[in-house]
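Student: Got target.cif for you, mmCIF, C-alpha atoms:
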```cif
data_start
#
loop_
_atom_site.label_atom_id
_atom_site.label_comp_id
_atom_site.auth_asym_id
_atom_site.auth_seq_id
_atom_site.Cartn_x
_atom_site.Cartn_y
_atom_site.Cartn_z
CA MET S 16 -11.51 -29.29 7.14
CA LYS S 17 -13.24 -26.25 8.61
CA GLU S 18 -11.10 -23.25 9.55
CA LEU S 19 -12.36 -20.53 11.87
CA TYR S 20 -10.76 -17.06 11.92
CA TYR S 21 -10.63 -14.69 14.88
CA LYS S 22 -9.17 -11.21 15.38
CA VAL S 23 -8.05 -10.03 18.83
CA ALA S 24 -6.31 -6.66 19.24
CA GLY S 25 -5.77 -6.52 15.50
CA HIS S 26 -4.03 -9.92 15.30
CA VAL S 27 -5.73 -12.69 13.31
CA PHE S 28 -5.43 -16.37 14.20
CA ALA S 29 -7.11 -19.51 12.89
CA LEU S 30 -8.53 -22.66 14.46
CA GLU S 31 -8.61 -25.78 12.28
CA THR S 32 -11.39 -27.98 13.62
CA GLY S 33 -10.79 -31.10 11.52
CA ASP S 34 -13.89 -33.27 11.37
CA ASN S 35 -15.27 -31.85 14.61
CA GLU S 36 -17.35 -28.91 13.42
CA ASN S 37 -19.49 -29.06 16.57
CA ILE S 38 -16.65 -27.54 18.60
CA VAL S 39 -17.69 -24.10 17.41
CA PHE S 40 -20.83 -24.34 19.59
CA SER S 41 -18.62 -24.90 22.64
CA LEU S 42 -16.48 -21.86 21.90
CA ARG S 43 -19.25 -19.28 22.02
CA GLN S 44 -16.99 -16.76 23.77
CA TYR S 45 -15.04 -16.37 20.51
CA GLU S 46 -18.07 -15.32 18.46
CA PRO S 47 -17.57 -11.54 18.97
CA PHE S 48 -14.07 -11.93 17.53
CA VAL S 49 -14.95 -13.83 14.35
CA THR S 50 -13.39 -12.27 11.24
CA ASP S 51 -13.16 -12.99 7.52
CA PRO S 52 -10.69 -15.56 6.16
CA THR S 53 -7.30 -14.08 5.34
CA GLU S 54 -3.80 -15.18 4.46
CA ASP S 55 -2.36 -12.78 7.02
CA VAL S 56 -2.62 -15.14 10.00
CA LEU S 57 -0.45 -14.85 13.09
CA PHE S 58 -0.82 -18.52 14.01
CA ARG S 59 -2.91 -21.61 13.34
CA LEU S 60 -4.05 -24.11 15.95
CA ARG S 61 -5.05 -27.53 14.69
CA LEU S 62 -7.29 -29.88 16.67
CA ASN S 63 -5.65 -33.30 16.75
CA ALA S 64 -7.84 -36.38 17.14
CA THR S 65 -4.84 -38.55 18.04
CA PRO S 66 -3.33 -38.35 21.54
CA ILE S 67 0.09 -36.68 21.57
CA ASP S 68 2.89 -38.88 22.90
CA THR S 69 4.52 -37.02 25.82
CA GLU S 70 7.01 -39.72 26.80
CA ALA S 71 9.91 -37.53 25.60
CA PHE S 72 8.54 -34.40 27.35
CA ASN S 73 11.17 -32.30 29.17
CA LEU S 74 9.78 -30.04 31.87
CA GLU S 75 10.98 -26.41 32.02
CA MET S 76 8.41 -24.74 34.25
CA LYS S 77 5.08 -25.40 35.93
CA GLN S 78 2.47 -23.08 37.33
CA GLU S 79 -0.52 -23.92 39.52
CA GLU S 80 -3.43 -21.73 40.54
CA GLU S 81 -6.90 -22.54 41.87
CA GLY S 82 -6.83 -26.20 40.82
CA GLN S 83 -5.41 -25.48 37.36
CA GLU S 84 -1.86 -26.44 36.45
CA ILE S 85 0.24 -25.81 33.35
CA LYS S 86 3.46 -27.71 32.70
CA ALA S 87 5.66 -26.06 30.07
CA GLY S 88 8.58 -27.75 28.38
CA HIS S 89 9.57 -29.26 25.06
CA ILE S 90 9.55 -32.43 23.01
CA GLY S 91 12.70 -32.32 20.91
CA ASP S 92 12.88 -28.76 19.53
CA ARG S 93 9.13 -28.19 19.77
CA PRO S 94 7.58 -26.31 22.72
CA CYS S 95 5.01 -28.40 24.59
CA PHE S 96 2.40 -27.48 27.20
CA GLN S 97 0.30 -29.83 29.33
CA TYR S 98 -2.91 -28.59 30.95
CA PHE S 99 -4.28 -30.14 34.12
CA LEU S 100 -7.55 -29.48 35.95
CA ARG S 101 -7.78 -30.76 39.53
CA GLY S 102 -4.90 -33.14 38.83
CA LYS S 103 -6.33 -34.59 35.61
CA LEU S 104 -4.54 -34.09 32.28
CA MET S 105 -7.04 -32.28 30.03
CA ALA S 106 -4.99 -31.32 26.96
CA VAL S 107 -1.56 -31.29 25.37
CA LEU S 108 -0.32 -28.53 23.05
CA VAL S 109 2.73 -28.91 20.81
CA SER S 110 3.87 -25.90 18.79
CA SER S 111 6.40 -25.11 16.12
CA ALA S 112 9.45 -23.28 17.44
CA ASP S 113 8.19 -19.97 15.99
CA TYR S 114 4.67 -20.42 17.42
CA ARG S 115 3.09 -20.13 13.99
CA LEU S 116 1.51 -23.62 14.02
CA GLY S 117 0.23 -25.56 16.99
CA GLU S 118 -1.48 -28.90 17.48
CA VAL S 119 -3.64 -29.60 20.48
CA TYR S 120 -5.10 -32.87 21.66
CA SER S 121 -7.93 -32.52 24.14
CA ALA S 122 -9.79 -35.56 25.43
CA ASN S 123 -13.39 -35.35 24.23
CA ASN S 124 -12.50 -31.94 22.73
CA ASP S 125 -12.77 -30.39 26.17
CA VAL S 126 -13.12 -26.62 25.93
CA PHE S 127 -10.80 -26.03 28.90
CA GLY S 128 -7.81 -27.44 27.02
CA ILE S 129 -8.56 -25.85 23.65
CA ASN S 130 -9.23 -22.45 25.20
CA ASN S 131 -5.98 -22.52 27.16
CA ALA S 132 -4.05 -23.63 24.07
CA LEU S 133 -5.42 -20.71 22.05
CA MET S 134 -4.58 -18.24 24.82
CA VAL S 135 -1.01 -19.53 25.19
CA MET S 136 -0.41 -19.53 21.42
CA TYR S 137 -1.69 -15.95 21.27
CA ALA S 138 0.49 -14.73 24.15
CA LEU S 139 3.65 -16.37 22.79
CA SER S 140 3.17 -15.44 19.14
CA THR S 141 2.57 -11.74 19.99
CA ALA S 142 5.42 -11.38 22.51
CA ASN S 143 7.64 -9.60 19.99
CA LEU S 144 4.82 -7.53 18.48
CA GLN S 145 4.42 -5.03 21.34
CA THR S 146 1.31 -6.91 22.41
CA VAL S 147 0.86 -8.46 25.86
CA LEU S 148 -1.80 -10.36 27.79
CA PHE S 149 -2.28 -8.92 31.26
CA HIS S 150 -3.56 -10.81 34.28
CA ALA S 151 -5.86 -7.96 35.25
CA SER S 152 -9.40 -6.68 35.51
CA VAL S 153 -10.19 -3.68 33.32
CA VAL S 154 -13.04 -1.19 33.08
CA SER S 155 -13.81 1.66 30.72
CA HIS S 156 -14.84 5.12 31.85
CA GLN S 157 -15.32 8.26 29.75
CA GLY S 158 -13.62 6.74 26.74
CA LYS S 159 -10.52 5.31 28.45
CA ALA S 160 -9.52 1.97 29.97
CA TYR S 161 -8.29 1.44 33.54
CA LEU S 162 -6.43 -1.74 34.46
CA PHE S 163 -6.38 -3.16 38.00
CA LEU S 164 -3.43 -5.43 38.78
CA GLY S 165 -2.41 -7.61 41.71
CA PRO S 166 -1.87 -11.22 42.78
CA SER S 167 -4.85 -13.57 42.84
CA GLY S 168 -7.11 -12.74 45.78
CA THR S 169 -6.06 -9.09 45.93
CA GLY S 170 -9.50 -7.89 44.85
CA LYS S 171 -9.14 -6.91 41.20
CA SER S 172 -12.64 -8.07 40.29
CA THR S 173 -14.03 -6.56 43.48
CA HIS S 174 -12.53 -3.18 42.68
CA SER S 175 -13.93 -3.31 39.14
CA SER S 176 -17.35 -4.11 40.57
CA LEU S 177 -17.09 -1.09 42.88
CA TRP S 178 -16.45 1.18 39.90
CA LEU S 179 -19.42 -0.40 38.10
CA LYS S 180 -21.66 0.16 41.10
CA HIS S 181 -20.59 3.60 42.28
CA ILE S 182 -19.07 5.42 39.28
CA GLU S 183 -21.59 6.31 36.61
CA GLY S 184 -20.63 5.49 33.04
CA THR S 185 -18.30 2.60 33.92
CA ALA S 186 -18.39 -0.66 31.92
CA LEU S 187 -16.48 -3.91 32.35
CA VAL S 188 -14.09 -4.60 29.45
CA ASN S 189 -12.52 -7.87 30.67
CA ASP S 190 -12.12 -9.48 34.08
CA ASP S 191 -8.98 -11.60 33.74
CA ASN S 192 -6.97 -11.39 30.49
CA PRO S 193 -7.23 -8.09 28.60
CA VAL S 194 -4.75 -7.37 25.81
CA VAL S 195 -2.57 -4.27 25.80
CA ARG S 196 -0.93 -3.24 22.53
CA ILE S 197 1.44 -0.40 21.68
CA LEU S 198 0.50 0.89 18.23
CA ASP S 199 2.82 2.19 15.52
CA ASP S 200 2.21 5.79 16.57
CA GLY S 201 3.34 4.98 20.13
CA SER S 202 -0.13 5.11 21.69
CA ILE S 203 -1.19 2.39 24.13
CA ARG S 204 -4.53 0.68 23.58
CA VAL S 205 -6.44 -1.85 25.70
CA TYR S 206 -8.60 -4.58 24.14
CA GLY S 207 -11.19 -7.05 25.30
CA SER S 208 -10.41 -10.72 24.64
CA PRO S 209 -12.08 -14.16 24.54
CA TRP S 210 -10.33 -15.00 27.83
CA SER S 211 -11.95 -13.59 30.95
CA GLY S 212 -11.51 -16.11 33.77
CA LYS S 213 -14.56 -16.83 35.90
CA THR S 214 -16.50 -13.77 34.72
CA PRO S 215 -18.06 -14.17 31.25
CA CYS S 216 -17.09 -10.86 29.65
CA TYR S 217 -16.02 -11.39 26.03
CA ARG S 218 -16.30 -7.97 24.43
CA ASN S 219 -14.63 -7.03 21.17
CA VAL S 220 -13.92 -3.44 22.21
CA SER S 221 -10.85 -1.25 22.63
CA TYR S 222 -9.95 1.98 24.42
CA PRO S 223 -6.87 4.14 24.89
CA LEU S 224 -5.15 3.37 28.18
CA GLY S 225 -6.11 5.77 30.95
CA ALA S 226 -4.05 4.32 33.80
CA ILE S 227 -2.80 1.16 35.47
CA VAL S 228 -3.52 0.65 39.17
CA VAL S 229 -1.73 -1.94 41.32
CA LEU S 230 -3.95 -3.01 44.23
CA SER S 231 -3.11 -4.04 47.78
CA GLN S 232 -5.52 -4.81 50.59
CA ALA S 233 -5.12 -2.40 53.50
CA PRO S 234 -7.01 -1.03 56.53
CA GLU S 235 -7.36 2.38 54.87
CA ASN S 236 -7.45 3.85 51.37
CA ARG S 237 -4.29 5.51 50.04
CA ILE S 238 -3.00 6.03 46.50
CA ARG S 239 0.35 7.12 45.12
CA ARG S 240 2.15 7.24 41.77
CA LEU S 241 4.70 4.44 41.34
CA ARG S 242 8.33 5.11 40.54
CA PRO S 243 9.55 3.55 37.25
CA LEU S 244 11.35 0.58 38.85
CA GLU S 245 8.33 -0.22 41.05
CA ALA S 246 6.03 0.06 38.04
CA TYR S 247 8.23 -2.23 35.94
CA ALA S 248 8.24 -4.90 38.68
CA ALA S 249 4.45 -4.73 38.95
CA LEU S 250 4.04 -5.18 35.19
CA MET S 251 6.42 -8.15 35.04
CA ILE S 252 4.39 -10.30 37.41
CA SER S 253 1.12 -9.38 35.67
CA ILE S 254 2.09 -10.12 32.05
CA SER S 255 1.92 -13.60 30.54
CA GLY S 256 5.01 -14.84 28.73
CA LYS S 257 7.79 -17.40 28.41
CA ARG S 258 10.49 -15.40 30.14
CA TRP S 259 13.04 -18.20 30.17
CA ASP S 260 13.18 -17.86 26.37
CA ARG S 261 15.75 -15.08 25.78
CA GLY S 262 14.24 -13.75 22.55
CA MET S 263 10.74 -13.68 23.98
CA ALA S 264 11.92 -12.13 27.24
CA GLU S 265 13.58 -9.31 25.29
CA GLY S 266 10.35 -8.59 23.40
CA LEU S 267 8.38 -8.46 26.66
CA HIS S 268 11.06 -6.26 28.24
CA GLN S 269 10.85 -3.71 25.42
CA THR S 270 7.05 -3.57 25.65
CA GLU S 271 7.10 -3.24 29.43
CA ASN S 272 9.67 -0.45 29.21
CA LEU S 273 7.48 1.47 26.76
CA ILE S 274 4.41 1.07 28.99
CA VAL S 275 6.32 2.24 32.08
CA THR S 276 7.68 5.22 30.13
CA HIS S 277 4.38 6.39 28.67
CA ALA S 278 1.62 5.16 31.03
CA LYS S 279 0.46 6.46 34.40
CA ILE S 280 0.91 3.66 36.94
CA TRP S 281 -0.39 3.92 40.49
CA HIS S 282 -0.47 1.88 43.70
CA LEU S 283 -3.73 1.77 45.66
CA ASP S 284 -3.88 0.51 49.23
CA CYS S 285 -7.57 -0.07 49.69
CA LEU S 286 -10.57 -1.43 51.45
CA PRO S 287 -13.30 -3.10 49.38
CA ASP S 288 -15.57 -0.08 49.62
CA GLU S 289 -17.12 2.79 47.68
CA ALA S 290 -14.58 5.29 49.01
CA ALA S 291 -11.69 3.29 47.51
CA ALA S 292 -13.28 3.31 44.06
CA LYS S 293 -14.04 7.03 44.19
CA LEU S 294 -10.55 7.91 45.45
CA CYS S 295 -9.00 5.82 42.70
CA CYS S 296 -11.19 7.25 39.96
CA ALA S 297 -10.70 10.86 41.01
CA THR S 298 -6.92 10.45 41.26
CA VAL S 299 -6.13 8.49 38.10
CA ARG S 300 -8.45 10.60 35.96
CA GLY S 301 -7.09 13.82 37.36
#
```
Rewrite the structure from the file as structure tokens, please.
Tutor:
Amino acid sequence: MKELYYKVAGHVFALETGDNENIVFSLRQYEPFVTDPTEDVLFRLRLNATPIDTEAFNLEMKQEEEGQEIKAGHIGDRPCFQYFLRGKLMAVLVSSADYRLGEVYSANNDVFGINNALMVMYALSTANLQTVLFHASVVSHQGKAYLFLGPSGTGKSTHSSLWLKHIEGTALVNDDNPVVRILDDGSIRVYGSPWSGKTPCYRNVSYPLGAIVVLSQAPENRIRRLRPLEAYAALMISISGKRWDRGMAEGLHQTENLIVTHAKIWHLDCLPDEAAAKLCCATVRG
């Protein structure tokens, strides 16, 4: 059995490929995150060649976005996730209760299912380690990272592209699922990840957090600093996690509180234009 090791934001996880060693060629986005074998592994995900029986599946929550649907629930005492693409079941993930070991069955070893299983296992196993996956687009500029938040369709990717085009020295870090981690010294650091939505940006880089900007479409450009309660609400809807699990929700709550306390968080009403990017950059850097 071949075992592949990856490190994202300092956390190591392993993928057991079974007899299917060719899967590594389909997961090229993980190559920048390959690391040496170690016993200090956060979780292991095992590819299962046998379909997982979901007859006893109990639904807890489902989420649908742009033709993709995730159904979360449990089989007995084991968390279970089903992944659908345009109505078709693509993969089933079953995990141990502590999210240290998962098994995923994906028809024809489809990358969509395996990739989503790895991302979910990562988000859930780090929830109590002051590490969170953001639904955000993030750029780097002058040695710091700037996260752009907002519901789908708000223009996160568009705003990143405006920084790239009009603000010299800007680089894209991740366009959908960056990782934010609070380190032991209390500093907040932003990391690239193997999960970047529709934009292929899989960079193994990290930067100290410069600022977080919540975006809204508007007829004119305005920016203001968010009050703590507003900032906390904005973070909640942008961070992946199993909030109906009390222990996990508490871990996320503690991390979100620390980010709100120590980070600069802004709200930008904006047009999709150069002026919006320059106003944002000048304000959050100042």
Student: Residue by residue, what does the PyMOL selection byres ((chain S and resi 144-146) around 6) grab here? Present the result as a list in words.
Tutor: Thr141, Ala142, Asn143, Val147, Val195, Arg196, Ile197 and Thr270 of chain S
Student: Which value, in Å to one decimal, gives the distance between atom CA of Tyr21 of chain S and atom CA of Leu139 of chain S?
Tutor: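 Pair atom CA of Tyr21 of chain S / atom CA of Leu139 of chain S returns 16.4 Å.
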Student: Just want the 9 Å neighbourhood of segment 34-51 of chain S, counted on all atoms listed in the file, with same-chain residues fewer than 4 positions away dropped. Output as a list of chain:residue names.
Tutor: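 Surrounding residues, per the criterion: S:Met16, S:Lys17, S:Leu19, S:Tyr20, S:Tyr21, S:Lys22, S:Val23, S:Val27, S:Leu62, S:Ala64, S:Asn124, S:Asp125, S:Val126, S:Asn130, S:Ser208, S:Pro209, S:Trp210, S:Pro215, S:Cys216, S:Tyr217, S:Arg218, S:Asn219.
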Student: Can you work out the spacing between atom CA of Pro287 of chain S and atom CA of Leu224 of chain S in Å, to one decimal?
Tutor: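 Separating atom CA of Pro287 of chain S from atom CA of Leu224 of chain S is a distance of 23.6 Å.
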Student: I need the residue nearest Asn192 of chain S from this list: S:Ile227, S:Val153, S:Met136, S:Leu116. Use all atoms listed in the file for the distance.
Tutor: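 Closest to Asn192 of chain S, using all atoms listed in the file: S:Val153.
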Student: Could you check how far atom CA of Glu18 of chain S sits from atom CA of Thr214 of chain S, in Å to one decimal?
Tutor: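 The value is 27.4 Å.
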Student: Just want the 7 Å neighbourhood of segment 247-260 of chain S, counted on all atoms listed in the file, with same-chain residues fewer than 4 positions away dropped. Output as a PyMOL selection string.
Tutor: chain S and resi 138-139+147-150+164+243+264+271+275
Student: Around segment 139-150 of chain S, fit a box with edges along x, y and z, padding it by 8 Å on each side, then list its centre and edge lengths in Å to one decimal as JSON.
Tutor:
```
{"center_x": 2.0, "center_y": -10.7, "center_z": 26.4, "size_x": 27.2, "size_y": 27.3, "size_z": 31.8}
```
Student: Starting from the shown file, work through the PyMOL selection byres ((chain S and resi 282) around 7) and note down what comes out as a CSV table (one decimal) with C-alpha atoms, keeping the file's coordinate frame.
Tutor:
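Okay, result.csv is ready:
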```csv
chain,number,residue,atom,x,y,z
S,228,VAL,CA,-3.5,0.6,39.2
S,229,VAL,CA,-1.7,-1.9,41.3
S,230,LEU,CA,-4.0,-3.0,44.2
S,238,ILE,CA,-3.0,6.0,46.5
S,239,ARG,CA,0.4,7.1,45.1
S,240,ARG,CA,2.2,7.2,41.8
S,241,LEU,CA,4.7,4.4,41.3
S,281,TRP,CA,-0.4,3.9,40.5
S,283,LEU,CA,-3.7,1.8,45.7
S,284,ASP,CA,-3.9,0.5,49.2
```
Student: Find the residue from S:Ala112, S:Val194, S:Ala122, S:Ile90 that sits nearest to Ser152 of chain S; use all atoms listed in the file when measuring.
Tutor: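 With all atoms listed in the file as the atom set, the closest residue is S:Val194.
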Student: Select, from S:Lys279, S:Lys293, S:Arg59, S:Arg101, the residue with the minimum atom-to-atom distance to Arg242 of chain S, counting all atoms listed in the file.
Tutor: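 Smallest distance to Arg242 of chain S is found for S:Lys279.
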Student: Name the residues that the PyMOL selection byres ((chain S and resi 92) around 12) pulls out of this structure, and write them as a PyMOL selection string.
Tutor: chain S and resi 71-73+88-91+93-95+109-114
